[in-house]
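Input: a single structure, listed below in structure tokens.
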Amino acid sequence: MSYLDELNPIQRAAVINIEGPVLVIAGPGSGKTRVLTYRIAHLLEHHVPPREILALTFTNKSAREMKERIEKVVGESAQHVWAGTFHSVFARILRYEAEKIGYPSSFTIYDTDDTISVIKAIIKEMNLDTTVYNPSAVRSRISLCKSNLITPPLYRQNADMMQQDRAARKPYVVDIYEKYVARCHRSGAMDFDDLLYQLYRLFQQNPDNILDKYRRRFRYIHVDEFQDTNFLQYAILRLLVKYEGSLENVFIVGDDAQSIYAFRGATIDNILDFEKDYPTLKTFKLEQNYRSTHHIVEAANEVISYNRRQLPKTIWTDREERQKIKLLKCVTDDEEAKRVADLILEQKHRYHLPNSEIAVLYRTNAQSRKFEEHLRKINLQYRVFGGMSFYQRKEVKDLVAYLRLAVNARDEEALRRVINFPTRGISDATIDKISAIAGATNTTMWDAMMHPALDVTDRAKKSLFGFRMMVEDWQKRAASESAFKLAAEILRKSGLHELLKGDTSPEGIGRLENVNAVLDAISEFADTQNANTDPALNLVSESSLAAYLQTITLLTDADEKAEGTDYITLMSVHSAKGLEYKSVFVTGLEEQLFPSFMSLEDPKGLDEERRLFYVAITRAKEFLTISFAQNRYRFGQIRANEPSRFLEEIDLKHFDMVGGIGAARTNYQGGNREQPQPASKGASLSGNFANPRLRTMQQAASARVSAPIEASPVEALIAGVKVLHQKFGEGQIVNVEGPKDNRVATIRFKDDDMSERRIVLKFAKLQVI
DNA sequence: TGACTGTGGGTTTTT
DNA sequence: CCCACAGTCA
């Protein structure tokens, strides 16, 4: 039982507790994955059949990692453990059961882009304005509905939501939602939320007592990153675990402090409800951090103590002090990127760090550009994760749309995409007519194409017929021929290959390479899948084109393998969750950016941003560098931002004050907002929240705030005048600009290094002196 | 039908 | 700044 020796007492206690519900609250770097994998290994050692074990994760990567690690402990029986993301595991079950709820087993999965495109088409058909009904915003709302089990009829009954829509002057959202659901169903398509929602529906309706089958199948259920589950996911989980006679062998791992997906419906309530739903629950807290050195852990603790609503825990480390946190104050985003790049180079030399131990993190993907530029300049290998992924590129989506049609002709989104691409004489007008007939006769566009009532020119009819013949041929062969062979032929016969070949520009060549890469991927996919199909589940051939399409839709580019090259990682903080590096750069710590301007008004939003920052800094094992820029390009214009409020929440003693870095601090001490306070004792939901440690620096700083000042009229505030500001103290107006009702003054303050600040006079209290 | 141009809008975060 | 889309022209 050697693997048990590798666990600390608490970890071990959690692992060997193999009966009944278990909750593991796991701080960053506390060996969460280790506990999860060893627990599964432990089950296997105790002769639990691998196929009765289910492990649900949020990313393919962590699922894969978990499987690999279990395999290391127990060997090949790990192969038969079901480990995957919620979406992929559920998709697999649905693939098998779809017909019971009125979907073809070959259903298509719509990714976010597909979904937006469908919604947009619906909005246009309804003659609504796409600037009012922003397709992407409508999609978010629909998604939120689905994750909370609000169907269109329930939506209509929901006075709150209807009122919200009326107030936003978008009364037709529910109609769009309704049409969208109908259209997806007609298309034999499920979006990401459907993969959860339709499974829930299946279990609810429970045809042939199907729920029982899966309850017996999954006797041991594990959930990683439980804090990121939404209401719907929890509802499904409950259906699988909580029933008469259940052993309730459910093992969940999470950390409320790392919940960063509230924006897509994740709710911390799930952890809290869990305690209520399972009275026999055993809770284990992993509080020792094995990842990071002292200053990093302490800084993280300080930051998170400002949040309300925390489960009580104290993360600690016995790792030595090592480096303090470096803080880079930069004038521009360009300087920030340059200094980060230079520091990376220096660290590489001084500490012999390989690129793979270095990550640059940012709040928004758009920030990657500058870092790319500067890393390229000094010849450092990097890889950007996130943003436009391979499978989102137009040429790839075009080819994939053809493949989708071959598997599921009802897929309207795919049909629209390629029916006239490459062009084959089918005009937009023709497509609109087809769509109209499909709507009127309640059939698919695929069928409407050949409808006798379709009133188009003979030439168009001929083109349509030709297109249909071509696709029908592929459909017939999709079942028998190898996915690779068929895809290769589709690429040529569709005319895509020829079209791309004709473009000899560098981008054009790249596009051709991309579609060829899809073919390679299909070939590779077929090979690996054949080797590891689960015969127990009687699934349709896992190496089929359909299986491939499902896999790529659920793929994130973080899942793509690295081919042995040593690169620096550039990614958003969100995608960095669960990862660790020796040296981490957390960049763009500015108000409006991190925290994002979207979340400034809402305390809940701010708390989530703070958790995000917490996640960011806890990725670092030894070297943590935080940077901010005073000026940053945004929409092509320079904008000045203040340093992030989160910086004030870290005690100065954790910062490296060498060289020019120390000066950064003076710039934001006593920033122009209310001084932050750690969450107070007992501000809790269930009464057992953390009692955050007290802070000193902020309280000291707040003493600087002087007696209230009397605001002078805006007219009196002109260039040259000396003024007193509530927070910044004495200063002189350098310049005043902007329209009468919204004047903005540039003021140089005596305090604060004679720094210049732009102040909106409407809001600021300034007294002329 | 395709290429070009101007405009307008957009940046949170992802399965 | 960068992209997507609508509108215009050959």
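All residue names refer to the structure tokens as shown: chains lettered A, B, ... in order, residues numbered from 1 in each chain, ligands numbered from 1 in order.
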**Request:** Starting from chain A, keep only residues with some atom at most 10 Å from an atom of chain B, counting only C-alpha atoms (C1' of nucleotides), and report them as JSON, numbers by chain.
**Result:** {"A": [58, 59, 60, 85, 86, 87, 88, 111, 112, 131, 192, 193, 260, 261, 262, 263, 264, 363, 364, 365, 366, 367, 386, 423, 425, 427, 553, 554, 555, 556, 572, 573, 574, 575, 593, 594, 595, 596, 597, 598, 599, 609, 612, 634, 635]}
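Near chain A, counting only C-alpha atoms (C1' of nucleotides) at 12 Å, the chain C residues are DC1, DC2 and DC3 of chain C.
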**Request:** Pick out each residue of range 224-378 of chain A that DSSP on the backbone tags as alpha helix (DSSP H); I need them as JSON, numbers by chain.
**Result:** {"A": [231, 232, 233, 234, 235, 236, 237, 238, 239, 240, 241, 269, 270, 271, 272, 273, 274, 275, 276, 277, 294, 295, 296, 297, 298, 299, 300, 301, 302, 303, 304, 333, 334, 335, 336, 337, 338, 339, 340, 341, 342, 343, 344, 345, 346, 347, 348, 349, 350, 351, 368, 369, 370, 371, 372, 373, 374, 375, 376, 377]}
**Item:** DSSP strand (DSSP E) residues within range 494-641 of chain A, listed as a PyMOL selection string
**Value:** chain A and resi 568-572+581-586+620-634+637-640
Could those selected residues go to a file with C-alpha atoms, as an mmCIF file, in the first residue's frame?
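After the write, selection_18.cif holds the following:
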```cif
data_model
loop_
_atom_site.group_PDB
_atom_site.id
_atom_site.type_symbol
_atom_site.label_atom_id
_atom_site.label_comp_id
_atom_site.auth_asym_id
_atom_site.auth_seq_id
_atom_site.Cartn_x
_atom_site.Cartn_y
_atom_site.Cartn_z
ATOM 1 C CA ILE A 568 6.644 29.972 -22.295
ATOM 2 C CA THR A 569 2.945 29.868 -21.560
ATOM 3 C CA LEU A 570 0.769 32.893 -22.286
ATOM 4 C CA MET A 571 -2.788 32.528 -21.130
ATOM 5 C CA SER A 572 -5.723 34.119 -19.365
ATOM 6 C CA TYR A 581 4.797 27.166 -12.785
ATOM 7 C CA LYS A 582 8.009 28.032 -11.028
ATOM 8 C CA SER A 583 7.777 31.572 -12.271
ATOM 9 C CA VAL A 584 4.509 33.338 -12.885
ATOM 10 C CA PHE A 585 3.873 36.842 -14.161
ATOM 11 C CA VAL A 586 0.481 38.273 -13.327
ATOM 12 C CA ALA A 620 3.438 30.433 -8.762
ATOM 13 C CA LYS A 621 5.770 28.018 -7.036
ATOM 14 C CA GLU A 622 8.806 30.219 -6.426
ATOM 15 C CA PHE A 623 8.860 33.439 -8.384
ATOM 16 C CA LEU A 624 5.891 35.717 -8.572
ATOM 17 C CA THR A 625 5.963 38.965 -10.486
ATOM 18 C CA ILE A 626 3.029 41.331 -10.619
ATOM 19 C CA SER A 627 2.909 44.199 -13.062
ATOM 20 C CA PHE A 628 0.715 47.107 -13.996
ATOM 21 C CA ALA A 629 0.813 49.881 -16.543
ATOM 22 C CA GLN A 630 -0.327 53.420 -15.908
ATOM 23 C CA ASN A 631 -1.327 53.848 -19.505
ATOM 24 C CA ARG A 632 -2.708 51.232 -21.797
ATOM 25 C CA TYR A 633 -4.004 51.154 -25.330
ATOM 26 C CA ARG A 634 -7.602 50.313 -25.527
ATOM 27 C CA GLN A 637 -6.572 54.912 -27.695
ATOM 28 C CA ILE A 638 -4.317 55.416 -24.752
ATOM 29 C CA ARG A 639 -6.137 55.367 -21.473
ATOM 30 C CA ALA A 640 -4.781 55.994 -18.030
#
```
**Asked** In Å to one decimal, how far is CA of Arg186 in chain A from CA of Thr444 in chain A?
**Response**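 CA of Arg186 in chain A lies at a distance of 6.3 Å from CA of Thr444 in chain A.
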**Asked** At what distance in Å, to one decimal, does CA of Gly84 in chain A lie from CA of Thr33 in chain A?
**Response**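 Taking CA of Thr33 in chain A and CA of Gly84 in chain A, their separation equals 14.1 Å.
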